[in-house]
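Here is the structure we will look at, set down as structure tokens.
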Amino acid sequence: MDIYLASVLTNMTLIAFLALSAYLVLVVGEVSFGQQAFFGIGAYITASVTALAGAHIFWGLLAGAIGGAVCALLLGLLTIRLSGIYFAISTLCFAELLRFFLLHIRFTQNIDGRIIGPDGPEGFSNIRWIFENHYEVVDFLLLAATCLTILLILLFSLERSRIMLGARMVGNDPILAQSQGLSPTRYRLSFITLSGAVAGFGGGLFALFNTHIEPAMFGVMLGIHGLAYAIIGGLGSAMGPLLGVVLDIGLLESIRQLAAYRMIIFGGLVALLLVFRPEGIVSPRLVSRLKSRWRNRHV
Amino acid sequence: MYSLQGIGKSFGGIDVLTDICLTLRPGQRLGITGANGVGKSTLINIATGFLTPDSGHIHLNKKILTYRPAWAFAHAGIQRTFQTTRFLTTANLGEQLLFAARAPESKIRLTQLIRLSGLQASLHLFPDEIPLPVLRKAEVIRGLVVSPEVLFLDEPSAGLTVDELDQFGAFLQQQLGQKTALVVVEHRLDFMAIITDSIVEMKLNRGLVKRVVDVKT
């Protein structure tokens, strides 16, 4: 496979984690501008566990996911009484706070003549896992795609269970949800925590692939892209955010002739979709219709 | 046995409810009527946990429900309908009724209720494609499938014609079990006369809500 193609696909796979994490928060009815922070935290933790502590990649990614989840849970608890615009602005502040915190972490070590570890604004260099394990771009793409597939299978089984419909109720009409015996607070906290884990895991893969990370990479624009992918893709199913990723990174960023106009086309696309299809391309209604049609055919 | 004892509620210094007491036996059918603004909706919201009373207690079979969140009321078996029907607009009716019927016996009851109410044709539709009388029925079914201890209906007649109301009343009459107590908050006495055993009137007295008064039919 062409290296350019492979790296674009890998990039898409990694950003898909971010888009899916934004999706999980959107499902429970909130907009988060802070998922990039959990992505960043996951990246730093995975980098530290694998490059500094020398642990296996499994433990590195697990620690990244847990770190993201813990930060997200903390955010969820702090914003337990907030919703709408107040929640959104809090997530933005929380994310920037975490990023500034990363700017001040310095813990470098000299391992085999290489400076490894977080070094303030300089970032975390020499995450050499893919070199040490002789991973080519295509190999890494396979690894990331496998992880994403597993996540998607988990999300689809969640989608088939009562939990997702409950979450949608909480997101659309908390009063209705309560009358159905669902605790909006519990749903929100669990989904925000889960979103942190997903972002943290994706961040971990991102760190391994990039071999160098720095706080500036996890700025607001990254989170806004993740959010926009989920919104244009639609909240009907986990396929929505993926479609958003494919549309933006797959088409606009990767086709070189279009790349210069990317932000113009992308911004216009978001605006058009919000006007003509506010529930996104893969809207909940579309999915519900497809599901019942499929069921009718197979009963 | 469900009881409200000495319930009081005020909004910004205006006492809406003072010392309201109400006890419901299983199978009892009670109608509550009263002029606009006497606090009927406030009472139903407190009784189902959507508002917290300033004073008083709420018990269900010796369990204390006061200050519990609304979802815990629903869990305990207190179901309600809303003045404007509430459904998720992004899932079809069938999915949502199935969601409400969690236990296996509820699922059996659901298929029964759907058959009896003639709701089959609407199951694959989204709530905003379904006419109001059908949605009202669906909302009652959603409450009934779990065999609740108490079912509160908040103005079920709103938006229904006389014929539809008769049909709806007959359906309710047939489907309420012996276990469930029913409370209907309503303006239409003719409708309540069909489905309830007794009707009480809430009254404002010098700006205060008087005790629930019996007006036997």
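If you're wondering about the labels, chains in the structure tokens are A, B, ... by order shown, residues count from 1 in each chain, ligands from 1 in order shown.
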Contact check, chain B to chain A, at most 9 Å, counting only C-alpha atoms, closest pairs as CSV:
```
residue,atom,partner,partner_atom,distance
B:Thr48,CA,A:Ser179,CA,8.4
B:Phe50,CA,A:Ile175,CA,8.2
B:Pro69,CA,A:Gln178,CA,8.2
B:Ala70,CA,A:Gln178,CA,5.7
B:Trp71,CA,A:Gly181,CA,4.1
B:Ala72,CA,A:Gly181,CA,6.2
B:Phe73,CA,A:Gly181,CA,7.4
B:Ala74,CA,A:Gly181,CA,4.8
B:His75,CA,A:Gly181,CA,5.1
B:Ala76,CA,A:Gly181,CA,8.6
B:Ile78,CA,A:Ser179,CA,8.7
B:Gln79,CA,A:Ser179,CA,6.9
B:Arg80,CA,A:Ser179,CA,7.1
B:Thr81,CA,A:Ser179,CA,8.5
B:Arg86,CA,A:Leu176,CA,6.2
B:Phe87,CA,A:Leu176,CA,7.0
B:Leu88,CA,A:Met169,CA,6.3
B:Thr89,CA,A:Arg285,CA,8.2
B:Thr90,CA,A:Arg285,CA,5.0
B:Ala91,CA,A:Ser288,CA,5.9
B:Asn92,CA,A:Ser288,CA,6.9
B:Glu95,CA,A:Leu165,CA,8.8
B:Gln96,CA,A:Leu165,CA,8.3
B:Phe99,CA,A:Arg162,CA,6.8
B:Ala100,CA,A:Gln180,CA,6.7
B:His124,CA,A:Ser292,CA,6.9
B:Leu125,CA,A:Arg289,CA,8.8
B:Phe126,CA,A:Arg285,CA,8.2
B:Arg142,CA,A:Gln180,CA,8.9
B:Gly143,CA,A:Gln180,CA,8.7
```
Okay, now the selection with C-alpha atoms, as a tab-separated table (two decimals), in the first residue's frame?
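Below you can see out.tsv, which holds the result:
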```tsv
chain	number	residue	atom	x	y	z
B	48	THR	CA	-44.79	11.94	40.83
B	50	PHE	CA	-41.02	16.09	39.42
B	69	PRO	CA	-35.80	12.12	42.30
B	70	ALA	CA	-38.57	11.60	39.77
B	71	TRP	CA	-36.93	8.55	38.20
B	72	ALA	CA	-36.96	6.81	41.58
B	73	PHE	CA	-40.73	7.43	41.78
B	74	ALA	CA	-41.09	5.81	38.37
B	75	HIS	CA	-38.97	2.89	39.52
B	76	ALA	CA	-41.13	2.43	42.59
B	78	ILE	CA	-45.56	5.68	40.16
B	79	GLN	CA	-46.36	6.33	36.50
B	80	ARG	CA	-47.75	9.41	34.85
B	81	THR	CA	-48.82	10.92	31.56
B	86	ARG	CA	-44.08	13.19	25.63
B	87	PHE	CA	-42.29	10.80	23.32
B	88	LEU	CA	-38.87	10.62	21.80
B	89	THR	CA	-39.26	12.02	18.29
B	90	THR	CA	-36.34	10.09	16.86
B	91	ALA	CA	-37.51	6.53	17.57
B	92	ASN	CA	-40.70	4.88	16.40
B	95	GLU	CA	-39.43	0.81	20.04
B	96	GLN	CA	-40.48	3.19	22.78
B	99	PHE	CA	-38.44	0.12	26.00
B	100	ALA	CA	-41.02	0.82	28.70
B	124	HIS	CA	-43.63	1.74	13.01
B	125	LEU	CA	-44.43	5.47	12.88
B	126	PHE	CA	-42.63	8.30	14.61
B	142	ARG	CA	-46.64	2.97	28.30
B	143	GLY	CA	-47.63	3.61	31.90
```
Near-segment 60-64 of chain B list (7 Å; only C-alpha atoms; drop same-chain fewer than 5 positions) as a ChimeraX atom specification: /B:1-3
Polymer residues at most 12 Å from Thr42 of chain B, only C-alpha atoms, same-chain spacing of 3 or more positions, as a PyMOL selection string: chain B and resi 7-11+15-18+20+36-39+45-54+154+185+202+209
Restricted to N, CA and C atoms, what would the selected residues look like written as an mmCIF file, in the first residue's frame?
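What landed in part.cif:
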```
data_model
loop_
_atom_site.group_PDB
_atom_site.id
_atom_site.type_symbol
_atom_site.label_atom_id
_atom_site.label_comp_id
_atom_site.auth_asym_id
_atom_site.auth_seq_id
_atom_site.Cartn_x
_atom_site.Cartn_y
_atom_site.Cartn_z
ATOM 1 N N ILE B 7 -48.838 17.924 52.410
ATOM 2 C CA ILE B 7 -47.979 18.483 51.366
ATOM 3 C C ILE B 7 -48.179 19.992 51.244
ATOM 4 N N GLY B 8 -47.103 20.725 51.273
ATOM 5 C CA GLY B 8 -47.143 22.172 51.081
ATOM 6 C C GLY B 8 -46.127 22.579 50.043
ATOM 7 N N LYS B 9 -46.477 23.578 49.240
ATOM 8 C CA LYS B 9 -45.527 24.062 48.238
ATOM 9 C C LYS B 9 -45.811 25.532 47.969
ATOM 10 N N SER B 10 -44.766 26.329 47.927
ATOM 11 C CA SER B 10 -44.971 27.724 47.535
ATOM 12 C C SER B 10 -43.936 28.108 46.500
ATOM 13 N N PHE B 11 -44.352 28.976 45.615
ATOM 14 C CA PHE B 11 -43.447 29.496 44.597
ATOM 15 C C PHE B 11 -43.254 30.979 44.848
ATOM 16 N N ASP B 15 -48.210 30.773 48.300
ATOM 17 C CA ASP B 15 -48.513 29.394 48.679
ATOM 18 C C ASP B 15 -49.453 28.781 47.665
ATOM 19 N N VAL B 16 -48.985 27.734 47.003
ATOM 20 C CA VAL B 16 -49.834 27.083 46.014
ATOM 21 C C VAL B 16 -50.578 25.909 46.641
ATOM 22 N N LEU B 17 -49.856 25.137 47.431
ATOM 23 C CA LEU B 17 -50.479 24.025 48.135
ATOM 24 C C LEU B 17 -50.201 24.164 49.616
ATOM 25 N N THR B 18 -51.238 23.964 50.438
ATOM 26 C CA THR B 18 -50.989 23.907 51.877
ATOM 27 C C THR B 18 -51.702 22.702 52.449
ATOM 28 N N ILE B 20 -51.964 19.402 51.977
ATOM 29 C CA ILE B 20 -52.756 18.488 51.154
ATOM 30 C C ILE B 20 -52.528 17.055 51.624
ATOM 31 N N ASN B 36 -58.595 26.697 37.017
ATOM 32 C CA ASN B 36 -57.210 26.915 36.601
ATOM 33 C C ASN B 36 -56.428 27.617 37.700
ATOM 34 N N GLY B 37 -55.229 27.168 37.927
ATOM 35 C CA GLY B 37 -54.360 27.872 38.867
ATOM 36 C C GLY B 37 -54.522 27.483 40.323
ATOM 37 N N VAL B 38 -55.340 26.455 40.617
ATOM 38 C CA VAL B 38 -55.458 26.072 42.023
ATOM 39 C C VAL B 38 -54.347 25.119 42.448
ATOM 40 N N GLY B 39 -53.538 24.693 41.509
ATOM 41 C CA GLY B 39 -52.399 23.858 41.876
ATOM 42 C C GLY B 39 -52.552 22.396 41.532
ATOM 43 N N ASN B 45 -47.246 17.028 39.878
ATOM 44 C CA ASN B 45 -45.783 17.043 39.771
ATOM 45 C C ASN B 45 -45.116 16.644 41.082
ATOM 46 N N ILE B 46 -45.688 17.056 42.189
ATOM 47 C CA ILE B 46 -45.131 16.646 43.484
ATOM 48 C C ILE B 46 -45.386 15.162 43.711
ATOM 49 N N ALA B 47 -46.596 14.732 43.374
ATOM 50 C CA ALA B 47 -46.971 13.339 43.627
ATOM 51 C C ALA B 47 -46.140 12.360 42.802
ATOM 52 N N THR B 48 -45.593 12.833 41.663
ATOM 53 C CA THR B 48 -44.788 11.942 40.827
ATOM 54 C C THR B 48 -43.294 12.264 40.915
ATOM 55 N N GLY B 49 -42.942 13.172 41.806
ATOM 56 C CA GLY B 49 -41.523 13.426 42.071
ATOM 57 C C GLY B 49 -40.874 14.475 41.198
ATOM 58 N N PHE B 50 -41.641 15.101 40.308
ATOM 59 C CA PHE B 50 -41.023 16.094 39.423
ATOM 60 C C PHE B 50 -40.835 17.443 40.110
ATOM 61 N N LEU B 51 -41.532 17.638 41.238
ATOM 62 C CA LEU B 51 -41.269 18.799 42.087
ATOM 63 C C LEU B 51 -41.084 18.265 43.497
ATOM 64 N N THR B 52 -40.276 18.978 44.278
ATOM 65 C CA THR B 52 -40.072 18.567 45.660
ATOM 66 C C THR B 52 -40.975 19.425 46.547
ATOM 67 N N PRO B 53 -41.719 18.801 47.444
ATOM 68 C CA PRO B 53 -42.588 19.607 48.313
ATOM 69 C C PRO B 53 -41.768 20.373 49.355
ATOM 70 N N ASP B 54 -42.307 21.525 49.797
ATOM 71 C CA ASP B 54 -41.636 22.276 50.862
ATOM 72 C C ASP B 54 -41.875 21.609 52.208
ATOM 73 N N ASP B 154 -52.602 13.365 33.539
ATOM 74 C CA ASP B 154 -52.680 14.821 33.611
ATOM 75 C C ASP B 154 -53.477 15.329 32.404
ATOM 76 N N VAL B 185 -56.481 13.978 36.690
ATOM 77 C CA VAL B 185 -56.634 15.419 36.897
ATOM 78 C C VAL B 185 -57.250 15.984 35.625
ATOM 79 N N MET B 202 -60.366 20.752 44.027
ATOM 80 C CA MET B 202 -59.369 21.587 44.709
ATOM 81 C C MET B 202 -59.845 23.022 44.634
ATOM 82 N N VAL B 209 -54.643 27.189 48.983
ATOM 83 C CA VAL B 209 -55.394 26.036 48.519
ATOM 84 C C VAL B 209 -56.045 25.387 49.717
#
```
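The strand (DSSP E or B) portion of segment 100-269 of chain A consists of Arg106, Gln109, Asn110, Ile111, Arg114, Ile115, Ile116, Gly117, Pro118, Asp119, Phe124, Ser125 and Ile213 of chain A, with states taken from DSSP on the backbone.
Compared by their closest atoms to Ala63 of chain A, and using only C-alpha atoms, the residues A:Leu5, A:Leu20, A:Val49, A:Cys147 rank with A:Val49 nearest.
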Among listed residues A:Ala271, A:Ile281, A:Ile130, A:Leu242, nearest Leu148 of chain A (using only C-alpha atoms): A:Leu242
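Minimum atom-to-atom distance to Ala88 of chain A, evaluated using only C-alpha atoms, belongs to A:Leu26 out of A:Ala207, A:Ile255, A:Leu26, A:Ala228.
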All residues 8 Å or closer to segment 117-126 of chain A, only C-alpha atoms, same chain fewer than 6 positions away omitted, as a ChimeraX atom specification: /A:44,47-48,51-52,102-109,211-216
Sel. of helix (DSSP H, G or I) residues, segment 72-214 of chain B, as a PyMOL selection string: chain B and resi 72-76+93-100+104-117+120-122+127-129+132-144+162-175+189-195
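Neighbours of segment 186-202 of chain A closer than or equal to 7 Å, with only C-alpha atoms counted and sequence neighbours fewer than 4 positions away skipped, come out as Leu14, Phe17, Leu18, Ser21, Ala22, Leu24, Val25, Val28, Gln35, Phe38, Phe39, Ile41, Gly42, Ala43, Leu61, Gly64, Ala65, Ile66, Gly67, Gly68, Ala69, Val70, Ala72, Leu73, Gly76, Ala167 and Phe206 of chain A.
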Counting only C-alpha atoms, the option among B:Met192, B:Gly6, B:Arg25, B:Asp163 closest to His57 of chain B: B:Gly6
Spatial neighbours of Leu123 of chain B, 6 Å, only C-alpha atoms, chain gap at least 3 places, as a ChimeraX atom specification: /B:93-94,120
Selected residues written out with N, CA and C atoms, as a PDB file, in the first residue's frame:
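Listing of result-v3.pdb after writing:
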```
ATOM      1  N   LEU B  93     -42.746   4.472  17.579  1.00  0.00           N
ATOM      2  CA  LEU B  93     -43.567   4.214  18.762  1.00  0.00           C
ATOM      3  C   LEU B  93     -43.327   2.822  19.330  1.00  0.00           C
ATOM      4  N   GLY B  94     -43.217   1.828  18.420  1.00  0.00           N
ATOM      5  CA  GLY B  94     -43.022   0.457  18.862  1.00  0.00           C
ATOM      6  C   GLY B  94     -41.779   0.297  19.733  1.00  0.00           C
ATOM      7  N   GLN B 120     -51.571  -1.320  16.462  1.00  0.00           N
ATOM      8  CA  GLN B 120     -50.605  -1.993  15.594  1.00  0.00           C
ATOM      9  C   GLN B 120     -50.150  -1.126  14.427  1.00  0.00           C
TER      10      GLN B 120
END
```
Non-local contacts of Val138 of chain A (10 Å; only C-alpha atoms; under 4 positions in same chain excluded) as a VMD selection string: chain A and resid 1 to 3 5 to 7 9 to 10 142 to 144
